Amino acid sequence: MSYDVTRIRADFPILAREVNGKPLTYLDNGASAQKPQVVIDAVAQAYGQEYSNVHRGLHYLSTLATEKYEAVRGIIARFLGVADEDEIVFTSGTTEAINLVAYGWAAPRMGAGDEIVLTIAEHHANIVPWHLLRERQGVVLKWVDVDANGDLDPQAVIDAIGPKTKLVAMAHMSNVLGTVFDVKPIIEAAHAKGVPVLLDGSQAAVHMPVDLDDLDADFYAITGHKLYGPSGSGAIHIKRSRMDEMQPFMGGGDMIREVHRDHVTWNDPPMKFEAGTPGIVQQIGLGVALDYMMGVGMENIAAHEAKLRDYARARLEGLNWLNVQGQSASKGAIFSFTLEGAAHAHDISTVLDKKGVAVRAGHHCAQPLMAHMGVPATCRASFGMYNTEAEVDVLIEALELCHDLFA
């Protein structure tokens, strides 16, 4: 069955609007994706007709909300290729998920001199929690660089794993360069040395099929707002063996079994790691978004975006005054670039916005990578399942206008 991008675009109401008198060309999907009508409807239905707190109520609405909320755990497991849905922990997104691992797994077992291996391409969400352990507990951060094309040599990561390494934490796909890293040999080698691996799947899970039972990562975090779902939704897959090693990160709500004056007992995982009233409606919306994506087919989405990537790469390469950062052959449809001359990324973004083109400008929460590339900031055009080659052409025309203005 052919990929009908026109039909898919019709499912996203915001794509029909204009910005600054121009049709919206939304190329900021790497930051946050737009929502299909089925997700919008599901959120409205949940709030308007079905809302109640979950787990503790015995009345009809609480039971209904609980059933819909808990069903999402199975949807996420299916989306990520996980056999056991009880290995899925709900979070507000990847940032909370990685902090859960930092405080619940790493902090209790890491001390001064213990090492965490990171890549220079990490989002701050996969850097700052480890810096907190560095400051508070003396943990050492070991960095592995990408090359000029934005590629990461798996062997360089493997070689960085030493006798004091307690964790490898890295992106599955770069949010700045779009590079899809070859993580499987890293995971296999790390496990052979007794070292677990955390993957930030914020970008990868959006753009390609993920099979965690095959990858065998110990921790895999996703965030809902990039997956065409609501902000404030997300999850992390944690292997059962790692769950058994973890302490609760936050206390309260459903993460307890019994509370007494002199002691407390914990609930079983995954509830053990889900304190407080959760983002009920957000998670329900995420489940609908993932069902929508799986209905289209992750292989079909990946193939469509690969065509967009190749077309955009060819068009961008025709602009000899444009500097595209990262030219990996293993790359998704994400392009970060600067213009030759004095134009700042913010200036470029402002001009593009006047043409209805939405891109991201700045350091993209990846300042170590920016420093490594020798630039203070870039513009980033990131494509999604609903973008088209015609929108690539609109981007190119807007960039040519920028060149005329700033040359």
# chains A, B, ... in the order shown; residues from 1 in each chain; ligands from 1
call {"tool": "residues_around", "arguments": {"residues": "Ala16 (chain A)", "least_positions_apart": "6", "cutoff": "12 Å", "atoms": "only C-alpha atoms", "output": "ChimeraX atom specification"}}
result
/A:6,9-10,22-26,34,356,386
call {"tool": "closest_atom_pairs", "arguments": {"of": "region 264-371 of chain A", "to": "region 35-56 of chain A", "cutoff": "9 Å", "atoms": "only C-alpha atoms", "output": "JSON lines"}}
result
{"residue": "A:Thr277", "atom": "CA", "partner": "A:Asn53", "partner_atom": "CA", "distance": 7.5}
{"residue": "A:Pro278", "atom": "CA", "partner": "A:Val54", "partner_atom": "CA", "distance": 8.4}
{"residue": "A:Ile280", "atom": "CA", "partner": "A:Val54", "partner_atom": "CA", "distance": 7.6}
{"residue": "A:Val281", "atom": "CA", "partner": "A:Val43", "partner_atom": "CA", "distance": 6.1}
{"residue": "A:Gln282", "atom": "CA", "partner": "A:Val43", "partner_atom": "CA", "distance": 7.3}
{"residue": "A:Ile284", "atom": "CA", "partner": "A:Val43", "partner_atom": "CA", "distance": 7.4}
{"residue": "A:Gly285", "atom": "CA", "partner": "A:Val39", "partner_atom": "CA", "distance": 5.4}
{"residue": "A:Leu286", "atom": "CA", "partner": "A:Val39", "partner_atom": "CA", "distance": 7.6}
{"residue": "A:Gly287", "atom": "CA", "partner": "A:Val39", "partner_atom": "CA", "distance": 8.7}
{"residue": "A:Val288", "atom": "CA", "partner": "A:Val39", "partner_atom": "CA", "distance": 5.8}
{"residue": "A:Ala289", "atom": "CA", "partner": "A:Val39", "partner_atom": "CA", "distance": 5.9}
{"residue": "A:Tyr292", "atom": "CA", "partner": "A:Val38", "partner_atom": "CA", "distance": 8.0}
call {"tool": "write_last_selection", "arguments": {"atoms": "N, CA and C atoms", "output": "tab-separated table (two decimals), in the first residue's frame"}}
result
chain	number	residue	atom	x	y	z
A	277	THR	N	-0.23	11.44	41.67
A	277	THR	CA	-1.25	11.38	40.62
A	277	THR	C	-0.58	11.56	39.26
A	278	PRO	N	-0.74	10.61	38.37
A	278	PRO	CA	0.00	10.66	37.10
A	278	PRO	C	-0.68	11.58	36.08
A	280	ILE	N	-2.73	11.38	33.65
A	280	ILE	CA	-3.69	10.39	33.17
A	280	ILE	C	-4.07	10.64	31.71
A	281	VAL	N	-4.55	11.84	31.44
A	281	VAL	CA	-5.04	12.15	30.09
A	281	VAL	C	-3.88	12.20	29.10
A	282	GLN	N	-2.74	12.73	29.55
A	282	GLN	CA	-1.58	12.78	28.66
A	282	GLN	C	-1.17	11.38	28.20
A	284	ILE	N	-3.07	8.66	28.13
A	284	ILE	CA	-4.12	8.14	27.25
A	284	ILE	C	-3.93	8.68	25.84
A	285	GLY	N	-3.63	9.98	25.74
A	285	GLY	CA	-3.37	10.58	24.42
A	285	GLY	C	-2.16	9.97	23.75
A	286	LEU	N	-1.12	9.67	24.53
A	286	LEU	CA	0.07	9.04	23.96
A	286	LEU	C	-0.27	7.67	23.39
A	287	GLY	N	-1.08	6.90	24.10
A	287	GLY	CA	-1.48	5.59	23.59
A	287	GLY	C	-2.19	5.69	22.25
A	288	VAL	N	-3.06	6.70	22.11
A	288	VAL	CA	-3.77	6.90	20.85
A	288	VAL	C	-2.78	7.30	19.75
A	289	ALA	N	-1.81	8.15	20.09
A	289	ALA	CA	-0.80	8.58	19.11
A	289	ALA	C	0.02	7.39	18.62
A	292	TYR	N	-1.96	5.29	16.35
A	292	TYR	CA	-2.04	5.96	15.04
A	292	TYR	C	-0.78	5.69	14.22
call {"tool": "closest_atom_pairs", "arguments": {"of": "region 173-260 of chain A", "to": "region 137-146 of chain A", "cutoff": "12 Å", "atoms": "only C-alpha atoms", "output": "tab-separated table"}}
result
residue	atom	partner	partner_atom	distance
A:Ser174	CA	A:Val146	CA	10.6
A:Leu177	CA	A:Val146	CA	10.4
A:Thr179	CA	A:Val146	CA	9.9
A:Val180	CA	A:Val146	CA	11.8
A:Phe181	CA	A:Val146	CA	10.1
call {"tool": "write_last_selection", "arguments": {"atoms": "N, CA and C atoms", "output": "JSON list (two decimals), in the first residue's frame"}}
result
[["chain", "number", "residue", "atom", "x", "y", "z"],
["A", 174, "SER", "N", 20.84, 11.27, 17.12],
["A", 174, "SER", "CA", 21.18, 12.63, 17.50],
["A", 174, "SER", "C", 20.05, 13.60, 17.17],
["A", 177, "LEU", "N", 22.12, 16.31, 14.69],
["A", 177, "LEU", "CA", 22.69, 15.86, 13.42],
["A", 177, "LEU", "C", 21.81, 14.86, 12.69],
["A", 179, "THR", "N", 22.01, 11.74, 13.08],
["A", 179, "THR", "CA", 22.74, 10.47, 12.95],
["A", 179, "THR", "C", 22.09, 9.39, 13.79],
["A", 180, "VAL", "N", 21.87, 8.24, 13.16],
["A", 180, "VAL", "CA", 21.39, 7.06, 13.89],
["A", 180, "VAL", "C", 22.62, 6.25, 14.27],
["A", 181, "PHE", "N", 22.87, 6.14, 15.55],
["A", 181, "PHE", "CA", 24.08, 5.47, 16.02],
["A", 181, "PHE", "C", 23.90, 3.95, 16.04]]
call {"tool": "residues_around", "arguments": {"residues": "Ala377 (chain A)", "least_positions_apart": "2", "cutoff": "7 Å", "atoms": "only C-alpha atoms", "output": "PDB file with N, CA and C atoms, in the first residue's frame"}}
result
ATOM      1  N   ALA A 345      21.893  32.214  13.791  1.00  0.00           N
ATOM      2  CA  ALA A 345      20.815  31.247  13.580  1.00  0.00           C
ATOM      3  C   ALA A 345      19.456  31.856  13.904  1.00  0.00           C
ATOM      4  N   ALA A 361      16.108  27.255  16.257  1.00  0.00           N
ATOM      5  CA  ALA A 361      17.393  27.949  16.220  1.00  0.00           C
ATOM      6  C   ALA A 361      17.968  28.000  17.621  1.00  0.00           C
ATOM      7  N   GLY A 362      19.263  27.719  17.743  1.00  0.00           N
ATOM      8  CA  GLY A 362      19.925  27.768  19.036  1.00  0.00           C
ATOM      9  C   GLY A 362      20.902  26.627  19.181  1.00  0.00           C
ATOM     10  N   HIS A 363      21.158  26.224  20.435  1.00  0.00           N
ATOM     11  CA  HIS A 363      22.105  25.138  20.668  1.00  0.00           C
ATOM     12  C   HIS A 363      21.415  23.790  20.823  1.00  0.00           C
ATOM     13  N   MET A 370      27.760  21.481  20.200  1.00  0.00           N
ATOM     14  CA  MET A 370      28.006  22.749  19.504  1.00  0.00           C
ATOM     15  C   MET A 370      29.472  23.146  19.621  1.00  0.00           C
ATOM     16  N   VAL A 375      30.615  25.797  16.543  1.00  0.00           N
ATOM     17  CA  VAL A 375      29.575  26.789  16.237  1.00  0.00           C
ATOM     18  C   VAL A 375      28.812  27.109  17.519  1.00  0.00           C
TER      19      VAL A 375
END
call {"tool": "closest_residue", "arguments": {"among": "A:Glu85, A:Glu70, A:Glu122, A:Glu389", "to": "Val176 (chain A)", "atoms": "only C-alpha atoms"}}
result
A:Glu122
call {"tool": "atom_distance", "arguments": {"atom1": "CA of Leu167 (chain A)", "atom2": "CA of Val117 (chain A)"}}
result
6.4 Å
call {"tool": "decode", "arguments": {"residues": "region 306-318 of chain A", "atoms": "N, CA and C atoms", "output": "PDB file, in the first residue's frame"}}
result
ATOM      1  N   ALA A 306      12.839   8.778   4.767  1.00  0.00           N
ATOM      2  CA  ALA A 306      14.105   8.563   4.063  1.00  0.00           C
ATOM      3  C   ALA A 306      14.090   9.258   2.700  1.00  0.00           C
ATOM      4  N   LYS A 307      12.947   9.200   2.022  1.00  0.00           N
ATOM      5  CA  LYS A 307      12.834   9.913   0.741  1.00  0.00           C
ATOM      6  C   LYS A 307      12.933  11.416   0.949  1.00  0.00           C
ATOM      7  N   LEU A 308      12.286  11.917   1.993  1.00  0.00           N
ATOM      8  CA  LEU A 308      12.391  13.343   2.313  1.00  0.00           C
ATOM      9  C   LEU A 308      13.829  13.723   2.628  1.00  0.00           C
ATOM     10  N   ARG A 309      14.497  12.887   3.411  1.00  0.00           N
ATOM     11  CA  ARG A 309      15.900  13.143   3.759  1.00  0.00           C
ATOM     12  C   ARG A 309      16.763  13.250   2.518  1.00  0.00           C
ATOM     13  N   ASP A 310      16.617  12.301   1.602  1.00  0.00           N
ATOM     14  CA  ASP A 310      17.450  12.295   0.403  1.00  0.00           C
ATOM     15  C   ASP A 310      17.150  13.503  -0.472  1.00  0.00           C
ATOM     16  N   TYR A 311      15.880  13.860  -0.588  1.00  0.00           N
ATOM     17  CA  TYR A 311      15.520  15.019  -1.398  1.00  0.00           C
ATOM     18  C   TYR A 311      16.035  16.306  -0.756  1.00  0.00           C
ATOM     19  N   ALA A 312      15.862  16.421   0.556  1.00  0.00           N
ATOM     20  CA  ALA A 312      16.329  17.622   1.249  1.00  0.00           C
ATOM     21  C   ALA A 312      17.850  17.720   1.206  1.00  0.00           C
ATOM     22  N   ARG A 313      18.526  16.605   1.367  1.00  0.00           N
ATOM     23  CA  ARG A 313      19.989  16.633   1.316  1.00  0.00           C
ATOM     24  C   ARG A 313      20.469  17.134  -0.039  1.00  0.00           C
ATOM     25  N   ALA A 314      19.847  16.631  -1.112  1.00  0.00           N
ATOM     26  CA  ALA A 314      20.251  17.053  -2.454  1.00  0.00           C
ATOM     27  C   ALA A 314      19.992  18.543  -2.677  1.00  0.00           C
ATOM     28  N   ARG A 315      18.837  19.020  -2.228  1.00  0.00           N
ATOM     29  CA  ARG A 315      18.520  20.437  -2.396  1.00  0.00           C
ATOM     30  C   ARG A 315      19.441  21.327  -1.556  1.00  0.00           C
ATOM     31  N   LEU A 316      19.712  20.926  -0.335  1.00  0.00           N
ATOM     32  CA  LEU A 316      20.579  21.725   0.532  1.00  0.00           C
ATOM     33  C   LEU A 316      22.018  21.745   0.021  1.00  0.00           C
ATOM     34  N   GLU A 317      22.474  20.624  -0.545  1.00  0.00           N
ATOM     35  CA  GLU A 317      23.830  20.580  -1.087  1.00  0.00           C
ATOM     36  C   GLU A 317      24.001  21.524  -2.268  1.00  0.00           C
ATOM     37  N   GLY A 318      22.898  21.899  -2.897  1.00  0.00           N
ATOM     38  CA  GLY A 318      22.962  22.854  -4.007  1.00  0.00           C
ATOM     39  C   GLY A 318      23.177  24.287  -3.565  1.00  0.00           C
TER      40      GLY A 318
END
